[in-house]
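Next comes query.cif, a file with mmCIF, C-alpha atoms.
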```
data_upload
#
loop_
_atom_site.label_atom_id
_atom_site.label_comp_id
_atom_site.auth_asym_id
_atom_site.auth_seq_id
_atom_site.Cartn_x
_atom_site.Cartn_y
_atom_site.Cartn_z
CA MET B 1 -49.21 32.66 22.00
CA SER B 2 -49.42 34.56 25.27
CA ILE B 3 -51.83 37.42 25.65
CA VAL B 4 -50.16 40.78 26.22
CA SER B 5 -51.90 42.83 28.92
CA GLU B 6 -52.59 46.44 28.12
CA ASN B 7 -50.28 49.05 29.61
CA PRO B 8 -51.45 52.44 28.24
CA PRO B 9 -48.59 54.58 29.63
CA PHE B 10 -46.06 52.16 28.15
CA GLY B 11 -47.97 52.14 24.86
CA ILE B 12 -47.93 55.95 24.73
CA ALA B 13 -44.22 56.01 25.48
CA LEU B 14 -43.58 53.54 22.66
CA ARG B 15 -45.68 55.61 20.23
CA ILE B 16 -43.72 58.76 21.09
CA LEU B 17 -40.48 56.78 20.74
CA SER B 18 -41.51 55.53 17.30
CA GLY B 19 -42.19 59.11 16.21
CA CYS B 20 -38.74 60.18 17.40
CA LEU B 21 -37.10 57.24 15.61
CA PHE B 22 -38.95 57.94 12.34
CA ALA B 23 -37.85 61.56 12.65
CA GLY B 24 -34.27 60.41 13.21
CA MET B 25 -34.52 58.31 10.05
CA SER B 26 -35.79 61.29 8.05
CA ILE B 27 -33.05 63.55 9.41
CA CYS B 28 -30.36 61.05 8.33
CA ILE B 29 -31.92 60.84 4.87
CA LYS B 30 -32.23 64.62 4.55
CA ALA B 31 -28.58 65.08 5.57
CA ILE B 32 -27.30 63.06 2.60
CA SER B 33 -30.14 63.39 0.10
CA THR B 34 -28.34 65.90 -2.13
CA GLU B 35 -25.36 63.57 -2.68
CA VAL B 36 -26.65 59.99 -2.44
CA PRO B 37 -29.12 58.71 -5.09
CA VAL B 38 -32.63 57.92 -3.87
CA GLY B 39 -32.43 54.28 -4.95
CA GLU B 40 -29.27 53.77 -2.94
CA ILE B 41 -30.89 55.36 0.13
CA VAL B 42 -33.93 53.08 -0.26
CA PHE B 43 -31.68 50.01 -0.39
CA PHE B 44 -29.63 50.88 2.72
CA ARG B 45 -32.71 52.00 4.66
CA SER B 46 -34.41 48.67 3.89
CA ALA B 47 -31.36 46.42 4.31
CA PHE B 48 -30.47 47.69 7.77
CA ALA B 49 -34.13 47.85 8.85
CA LEU B 50 -34.22 44.12 8.13
CA ILE B 51 -31.81 43.41 11.00
CA PRO B 52 -34.01 44.56 13.93
CA LEU B 53 -37.12 43.25 12.14
CA VAL B 54 -35.74 39.70 11.83
CA ILE B 55 -34.53 39.73 15.44
CA PHE B 56 -37.97 40.93 16.59
CA LEU B 57 -39.79 38.23 14.59
CA TRP B 58 -37.37 35.56 15.85
CA ILE B 59 -37.97 36.58 19.48
CA ARG B 60 -41.72 36.35 18.86
CA GLY B 61 -41.31 32.90 17.31
CA GLU B 62 -42.46 34.09 13.88
CA PHE B 63 -39.21 33.58 11.99
CA PRO B 64 -38.95 31.83 9.66
CA HIS B 65 -42.13 29.71 9.71
CA GLY B 66 -44.35 32.76 10.33
CA LEU B 67 -43.43 34.10 6.90
CA SER B 68 -45.30 31.39 5.00
CA THR B 69 -48.14 32.78 2.90
CA LYS B 70 -51.01 31.66 0.72
CA ARG B 71 -51.27 35.08 -0.95
CA PRO B 72 -47.92 35.77 -2.67
CA LEU B 73 -49.51 38.01 -5.30
CA GLY B 74 -51.16 40.09 -2.60
CA HIS B 75 -47.80 40.56 -0.88
CA LEU B 76 -46.21 41.43 -4.22
CA LEU B 77 -48.76 44.17 -4.90
CA ARG B 78 -48.67 45.59 -1.35
CA SER B 79 -44.87 45.51 -1.23
CA SER B 80 -44.52 47.12 -4.66
CA LEU B 81 -46.87 49.94 -3.68
CA GLY B 82 -45.04 50.43 -0.38
CA ALA B 83 -41.63 50.44 -2.05
CA ALA B 84 -42.80 52.99 -4.63
CA ALA B 85 -44.17 55.14 -1.79
CA MET B 86 -40.76 55.00 -0.09
CA PHE B 87 -39.03 56.16 -3.28
CA ALA B 88 -41.51 59.05 -3.59
CA SER B 89 -41.14 59.97 0.09
CA PHE B 90 -37.34 60.13 -0.04
CA ALA B 91 -37.48 62.12 -3.31
CA SER B 92 -39.78 64.60 -1.58
CA ILE B 93 -37.47 64.87 1.45
CA ALA B 94 -34.56 65.64 -0.89
CA ARG B 95 -36.42 68.59 -2.45
CA LEU B 96 -38.42 70.13 0.40
CA PRO B 97 -37.81 71.26 3.96
CA LEU B 98 -38.20 68.24 6.22
CA ALA B 99 -41.27 69.64 7.97
CA GLU B 100 -43.10 70.19 4.67
CA ALA B 101 -42.24 66.73 3.35
CA THR B 102 -43.40 65.19 6.64
CA LEU B 103 -46.63 67.19 6.60
CA LEU B 104 -47.48 65.79 3.18
CA SER B 105 -47.20 62.28 4.63
CA TYR B 106 -50.18 63.10 6.85
CA LEU B 107 -52.35 63.12 3.72
CA SER B 108 -52.21 59.32 3.63
CA PRO B 109 -55.33 58.82 5.85
CA THR B 110 -57.21 61.22 3.59
CA PHE B 111 -56.24 59.35 0.43
CA THR B 112 -56.93 56.02 2.18
CA SER B 113 -60.43 57.28 2.94
CA ILE B 114 -60.97 58.08 -0.76
CA ALA B 115 -59.53 54.73 -1.83
CA GLY B 116 -61.84 52.92 0.59
CA VAL B 117 -64.86 54.47 -1.11
CA LEU B 118 -63.62 53.82 -4.65
CA LEU B 119 -62.17 50.32 -4.21
CA LEU B 120 -64.02 48.82 -1.25
CA SER B 121 -67.41 50.52 -1.75
CA GLU B 122 -67.22 51.94 1.77
CA ARG B 123 -69.85 54.45 2.77
CA VAL B 124 -69.33 58.17 2.20
CA THR B 125 -69.65 60.00 5.53
CA VAL B 126 -69.41 63.57 6.74
CA TRP B 127 -66.11 62.67 8.43
CA ARG B 128 -64.66 61.39 5.16
CA VAL B 129 -65.77 64.42 3.17
CA GLY B 130 -64.55 66.81 5.86
CA GLY B 131 -61.18 65.08 6.04
CA VAL B 132 -60.71 65.24 2.27
CA VAL B 133 -61.72 68.91 2.07
CA LEU B 134 -59.44 69.98 4.93
CA GLY B 135 -56.49 67.94 3.66
CA LEU B 136 -56.69 69.20 0.09
CA ALA B 137 -57.26 72.77 1.28
CA GLY B 138 -54.06 72.49 3.32
CA VAL B 139 -52.13 71.28 0.27
CA LEU B 140 -53.50 74.13 -1.82
CA ILE B 141 -52.41 76.68 0.78
CA LEU B 142 -48.96 75.07 1.00
CA VAL B 143 -48.38 74.98 -2.76
CA TRP B 144 -50.15 78.16 -3.86
CA PRO B 145 -47.34 80.62 -3.00
CA GLU B 146 -44.98 78.59 -5.20
CA MET B 147 -47.45 78.55 -8.09
CA GLY B 148 -48.03 82.27 -7.84
CA ASN B 149 -44.33 83.06 -7.80
CA THR B 150 -42.85 83.72 -11.24
CA SER B 151 -39.44 82.57 -9.98
CA PHE B 152 -40.67 79.42 -8.27
CA SER B 153 -38.29 76.50 -7.93
CA SER B 154 -39.17 73.57 -10.16
CA ASP B 155 -37.28 71.38 -7.71
CA ARG B 156 -39.66 72.39 -4.91
CA LEU B 157 -42.64 71.82 -7.18
CA TRP B 158 -41.39 68.30 -7.90
CA GLY B 159 -41.00 67.85 -4.14
CA TYR B 160 -44.71 68.56 -3.71
CA VAL B 161 -45.56 66.20 -6.58
CA PHE B 162 -43.52 63.39 -5.04
CA GLY B 163 -45.05 64.11 -1.62
CA LEU B 164 -48.59 63.85 -3.00
CA LEU B 165 -47.65 60.72 -4.95
CA MET B 166 -46.28 59.21 -1.75
CA GLY B 167 -49.61 59.86 -0.03
CA VAL B 168 -51.58 58.20 -2.83
CA LEU B 169 -49.28 55.17 -3.02
CA THR B 170 -49.29 54.78 0.75
CA ALA B 171 -53.09 54.87 0.74
CA PHE B 172 -53.31 52.02 -1.76
CA ALA B 173 -50.62 50.10 0.15
CA LEU B 174 -52.65 50.47 3.36
CA ILE B 175 -55.76 49.21 1.59
CA MET B 176 -53.75 46.12 0.65
CA VAL B 177 -52.51 45.77 4.25
CA ARG B 178 -56.14 45.88 5.39
CA SER B 179 -56.94 43.04 3.00
CA LEU B 180 -53.85 40.95 3.77
CA SER B 181 -54.29 41.31 7.54
CA ARG B 182 -57.34 39.05 7.40
CA THR B 183 -55.15 36.03 6.64
CA GLU B 184 -51.49 37.10 6.93
CA SER B 185 -49.37 37.96 9.98
CA PRO B 186 -48.10 41.54 10.46
CA GLY B 187 -44.56 40.15 10.52
CA ALA B 188 -44.92 38.59 7.08
CA ILE B 189 -46.42 41.79 5.64
CA ALA B 190 -43.55 43.89 7.02
CA PHE B 191 -40.87 41.38 5.99
CA TYR B 192 -41.90 41.11 2.35
CA PHE B 193 -42.25 44.89 2.11
CA VAL B 194 -38.66 45.35 3.26
CA ILE B 195 -37.41 42.71 0.81
CA ALA B 196 -39.29 44.36 -2.08
CA SER B 197 -37.86 47.76 -1.16
CA MET B 198 -34.33 46.32 -1.13
CA LEU B 199 -34.86 44.80 -4.58
CA GLY B 200 -36.30 48.08 -5.84
CA GLY B 201 -33.22 49.90 -4.59
CA ILE B 202 -30.89 47.37 -6.21
CA ALA B 203 -32.72 47.80 -9.52
CA THR B 204 -31.53 51.44 -9.64
CA ILE B 205 -27.82 50.51 -9.72
CA PRO B 206 -27.65 50.95 -13.55
CA PHE B 207 -28.87 54.55 -13.08
CA GLY B 208 -25.84 55.36 -10.96
CA TRP B 209 -24.89 54.66 -7.36
CA MET B 210 -21.99 56.27 -5.54
CA ALA B 211 -19.38 55.01 -3.10
CA PRO B 212 -20.45 56.68 0.18
CA ASP B 213 -17.83 58.23 2.40
CA MET B 214 -17.75 57.39 6.10
CA TYR B 215 -20.24 60.12 7.10
CA GLN B 216 -22.69 59.13 4.38
CA LEU B 217 -22.36 55.44 5.24
CA ILE B 218 -23.09 56.16 8.91
CA MET B 219 -26.20 58.14 7.93
CA LEU B 220 -27.38 55.34 5.63
CA VAL B 221 -26.93 52.69 8.31
CA LEU B 222 -28.61 54.82 10.98
CA ALA B 223 -31.53 55.55 8.65
CA GLY B 224 -32.13 51.83 8.31
CA LEU B 225 -31.76 51.03 11.99
CA PHE B 226 -33.94 53.97 13.06
CA GLY B 227 -36.61 52.94 10.56
CA GLY B 228 -36.54 49.30 11.66
CA PHE B 229 -36.74 50.06 15.38
CA ALA B 230 -39.41 52.73 14.76
CA HIS B 231 -41.66 50.15 13.09
CA ILE B 232 -41.16 47.73 15.98
CA ALA B 233 -41.90 50.42 18.58
CA MET B 234 -45.09 51.40 16.77
CA THR B 235 -46.20 47.77 16.50
CA LEU B 236 -45.65 47.21 20.23
CA ALA B 237 -47.41 50.50 21.07
CA PHE B 238 -50.65 49.21 19.51
CA ARG B 239 -50.32 45.98 21.52
CA HIS B 240 -50.28 47.91 24.80
CA ALA B 241 -52.79 50.72 24.15
CA GLU B 242 -55.88 51.32 22.03
CA ALA B 243 -55.51 53.19 18.77
CA SER B 244 -57.89 55.93 19.94
CA LEU B 245 -55.63 56.63 22.93
CA LEU B 246 -52.51 56.76 20.77
CA ALA B 247 -54.02 58.95 18.03
CA PRO B 248 -53.04 62.36 19.49
CA PHE B 249 -49.43 61.24 19.76
CA GLU B 250 -49.33 60.42 16.03
CA TYR B 251 -49.65 64.15 15.35
CA LEU B 252 -47.04 65.04 17.97
CA ALA B 253 -44.48 63.50 15.61
CA ILE B 254 -44.60 66.57 13.31
CA THR B 255 -42.81 68.47 16.10
CA TRP B 256 -39.49 66.70 15.50
CA PRO B 257 -39.11 67.58 11.78
CA ILE B 258 -40.03 71.18 12.60
CA LEU B 259 -37.30 71.35 15.25
CA ALA B 260 -34.85 69.62 12.89
CA ASP B 261 -35.48 72.22 10.17
CA MET B 262 -34.92 75.10 12.57
CA LEU B 263 -32.02 73.73 14.62
CA LEU B 264 -30.14 71.40 12.24
CA PHE B 265 -30.87 72.58 8.70
CA ASP B 266 -31.35 76.31 9.43
CA VAL B 267 -34.66 76.42 7.55
CA ALA B 268 -37.29 78.92 8.66
CA LEU B 269 -40.94 77.87 8.75
CA SER B 270 -42.93 79.55 5.98
CA HIS B 271 -46.28 81.25 6.52
CA ALA B 272 -47.80 78.83 4.02
CA PHE B 273 -46.61 75.86 6.09
CA LEU B 274 -47.97 77.31 9.33
CA SER B 275 -51.33 77.95 7.64
CA ALA B 276 -51.48 74.50 6.04
CA LEU B 277 -50.41 72.62 9.19
CA PRO B 278 -53.74 72.69 11.11
CA LEU B 279 -55.74 71.95 7.97
CA VAL B 280 -53.74 68.88 6.91
CA LEU B 281 -53.56 67.51 10.46
CA GLY B 282 -57.25 68.21 10.95
CA GLY B 283 -58.09 66.37 7.75
CA ALA B 284 -55.95 63.40 8.80
CA ALA B 285 -57.62 63.36 12.23
CA MET B 286 -61.12 63.38 10.71
CA ALA B 287 -60.23 60.52 8.35
CA ALA B 288 -58.73 58.55 11.25
CA VAL B 289 -61.78 59.18 13.47
CA ASP B 290 -64.06 57.97 10.69
CA GLY B 291 -62.04 54.77 10.34
CA ARG B 292 -62.21 54.06 14.07
CA ARG B 293 -65.96 54.84 14.22
CA ARG B 294 -66.58 52.22 11.55
CA ARG B 295 -64.64 49.60 13.55
CA VAL B 296 -66.71 50.17 16.69
CA PRO B 297 -69.88 48.00 16.77
CA THR B 298 -73.14 49.92 17.17
#
```
Can the structure from this file be put into structure tokens for me?
Amino acid sequence: MSIVSENPPFGIALRILSGCLFAGMSICIKAISTEVPVGEIVFFRSAFALIPLVIFLWIRGEFPHGLSTKRPLGHLLRSSLGAAAMFASFASIARLPLAEATLLSYLSPTFTSIAGVLLLSERVTVWRVGGVVLGLAGVLILVWPEMGNTSFSSDRLWGYVFGLLMGVLTAFALIMVRSLSRTESPGAIAFYFVIASMLGGIATIPFGWMAPDMYQLIMLVLAGLFGGFAHIAMTLAFRHAEASLLAPFEYLAITWPILADMLLFDVALSHAFLSALPLVLGGAAMAAVDGRRRRVPT
């Protein structure tokens, strides 16, 4: 396998591109989320993400022999957690403004930090504690106005619940990725996750799917393609630039859902969201910094 030389500007461009593509995926999902069942969205998003993923793995010479594994149960657990997180994420997008649902996804590093302590006996540090405190404080600020409102929307409350559940499930899925990465290729981990998500979507057929019209079908297909290409762009970004250099651009991605809410969905940003934004992002940044500090030899 040839060694890929670092190209930081190209890596940054790919990381920004992946953020735009993930935002495009979320916009497509949001546009049809009130009509199309979540399970059906999960299936189409996964099925059409499989196309660019397989092509990418084939170009890299990892398909199909690179998918062999000695840890099928590990892949089953990681893929199940990831698929459940996708269901929760899309359910949150359907019930909340896109910017709020996206902001909740930034809690994943915080929950991963907690899971690392509980499951892997990793050391408790000031960075971990600070990240957890900031992240949870941001959630409290975001949710509190709804809880204090006698006419609060139960649908919005469920959106927050699904968003938090998504963060927890993603954290456990990332812990499994960390474990699998010691022996398994990234391509195999991604491939089996997509397959599990497709099967999870298919399993919801008895609960009611719908025949999408042309607009809905286009959105479903685009959601899958955007998601597949976004994953590839992010993977390539980390091959061309160090994670520490790319970190600030991870948080730039929140810009696109904010603009989508204001320009496409005519949703105004709430004061609670604007107050929670720096806290949640700050907590995610502290958790990420702690993770990178532990990977640097002293």
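Here the question is which of B:Phe111, B:Trp58, B:Phe22, B:Phe90 gets nearest to Ala171 (chain B) using all atoms listed in the file, and that residue is B:Phe111.
Using all atoms listed in the file, the contacts of Glu184 (chain B) at a cut-off of 12 Å, with sequence neighbours closer than 2 positions omitted, comprise Glu62, Gly66, Leu67, Ser68, Thr69, Lys70, Arg71, Pro72, Gly74, His75, Met176, Val177, Arg178, Ser179, Leu180, Ser181, Arg182, Pro186, Gly187, Ala188, Ile189, Ala190, Phe191 and Tyr192 of chain B.
Here the question is which of B:Met198, B:Pro278, B:Glu100, B:Met286 gets nearest to Ala137 (chain B) using all atoms listed in the file, and that residue is B:Pro278.
Every residue that the PyMOL selection byres ((chain B and resi 116-121) around 12) selects in this file is listed here: B:Ser108, B:Pro109, B:Thr110, B:Phe111, B:Thr112, B:Ser113, B:Ile114, B:Ala115, B:Glu122, B:Arg123, B:Val124, B:Thr125, B:Arg128, B:Val129, B:Ala171, B:Phe172, B:Ala173, B:Leu174, B:Ile175, B:Met176, B:Arg178, B:Ser179, B:Ala287, B:Asp290, B:Gly291, B:Arg294.
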Please produce, as a Markdown table, a per-residue contact table for region 254-281 of chain B versus region 244-249 of chain B (criterion: any atom at most 12 Å away, all atoms listed in the file considered), showing the nearest atom pair and its distance in Å to one decimal, sorted by chain then residue number.
```
| residue | atom | partner | partner_atom | distance |
| --- | --- | --- | --- | --- |
| B:Ile254 | CA | B:Phe249 | CA | 9.7 |
| B:Thr255 | CA | B:Phe249 | CA | 10.5 |
| B:Leu281 | CA | B:Pro248 | CA | 10.4 |
```
Counting all atoms listed in the file, the residue of B:Arg60, B:Leu225, B:Leu14, B:Ser89 that sits nearest Val161 (chain B): B:Ser89
Determine the residue membership of the PyMOL selection byres ((chain B and resi 23) around 10) for the file above and supply it as JSON, numbers by chain. {"B": [17, 18, 19, 20, 21, 22, 24, 25, 26, 27, 28, 29, 98, 99, 102, 223, 226, 227, 230, 253, 254, 255, 256, 257, 258, 260]}
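For the set B:Pro9, B:Gly282, B:Gly201, B:Gly163, the residue with the smallest atom-to-atom gap to Ser80 (chain B) is B:Gly201, counting only C-alpha atoms.
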Can you pull out every residue within 6 Å of region 268-276 of chain B, counting all atoms listed in the file, but drop anything in the same chain fewer than 6 positions away, and send it as a VMD selection string? chain B and resid 138 141 to 142 262
Expected file contents, prior selection, C-alpha atoms, as a PDB file, in the coordinates of the input:
```
ATOM      1  CA  GLY B 138     -54.060  72.490   3.320  1.00  0.00           C
ATOM      2  CA  ILE B 141     -52.410  76.680   0.780  1.00  0.00           C
ATOM      3  CA  LEU B 142     -48.960  75.070   1.000  1.00  0.00           C
ATOM      4  CA  MET B 262     -34.920  75.100  12.570  1.00  0.00           C
TER       5      MET B 262
END
```
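One finds CA of Gly130 (chain B) at 27.0 Å from CA of Ile16 (chain B).
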Best match for closeness to Ser79 (chain B) among B:Ala241, B:Ala196, B:Met166, B:Leu53, counting all atoms listed in the file: B:Ala196
Among B:Phe238, B:Trp127, B:Phe63, B:Tyr106, Val289 (chain B) is approached most closely, using all atoms listed in the file, by B:Trp127
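CA of Ile232 (chain B) sits 21.1 Å away from CA of Phe87 (chain B).
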Picked residues, the PyMOL selection byres ((chain B and resi 31-36) around 8), as a PDB file with C-alpha atoms, in the coordinates of the input:
```
ATOM      1  CA  ILE B  27     -33.050  63.550   9.410  1.00  0.00           C
ATOM      2  CA  CYS B  28     -30.360  61.050   8.330  1.00  0.00           C
ATOM      3  CA  ILE B  29     -31.920  60.840   4.870  1.00  0.00           C
ATOM      4  CA  LYS B  30     -32.230  64.620   4.550  1.00  0.00           C
ATOM      5  CA  PRO B  37     -29.120  58.710  -5.090  1.00  0.00           C
ATOM      6  CA  VAL B  38     -32.630  57.920  -3.870  1.00  0.00           C
ATOM      7  CA  GLU B  40     -29.270  53.770  -2.940  1.00  0.00           C
ATOM      8  CA  ILE B  41     -30.890  55.360   0.130  1.00  0.00           C
ATOM      9  CA  PHE B  90     -37.340  60.130  -0.040  1.00  0.00           C
ATOM     10  CA  ILE B  93     -37.470  64.870   1.450  1.00  0.00           C
ATOM     11  CA  ALA B  94     -34.560  65.640  -0.890  1.00  0.00           C
ATOM     12  CA  TRP B 209     -24.890  54.660  -7.360  1.00  0.00           C
ATOM     13  CA  MET B 210     -21.990  56.270  -5.540  1.00  0.00           C
ATOM     14  CA  PRO B 212     -20.450  56.680   0.180  1.00  0.00           C
ATOM     15  CA  GLN B 216     -22.690  59.130   4.380  1.00  0.00           C
ATOM     16  CA  MET B 219     -26.200  58.140   7.930  1.00  0.00           C
TER      17      MET B 219
END
```
Around all the atoms of region 5-23 of chain B listed in the file, draw an axis-aligned box and extend it by 6 Å on each of the six sides; I want its centre and edge lengths in Å to one decimal, as JSON.
```
{"center_x": -44.8, "center_y": 52.2, "center_z": 21.0, "size_x": 27.5, "size_y": 30.7, "size_z": 29.3}
```
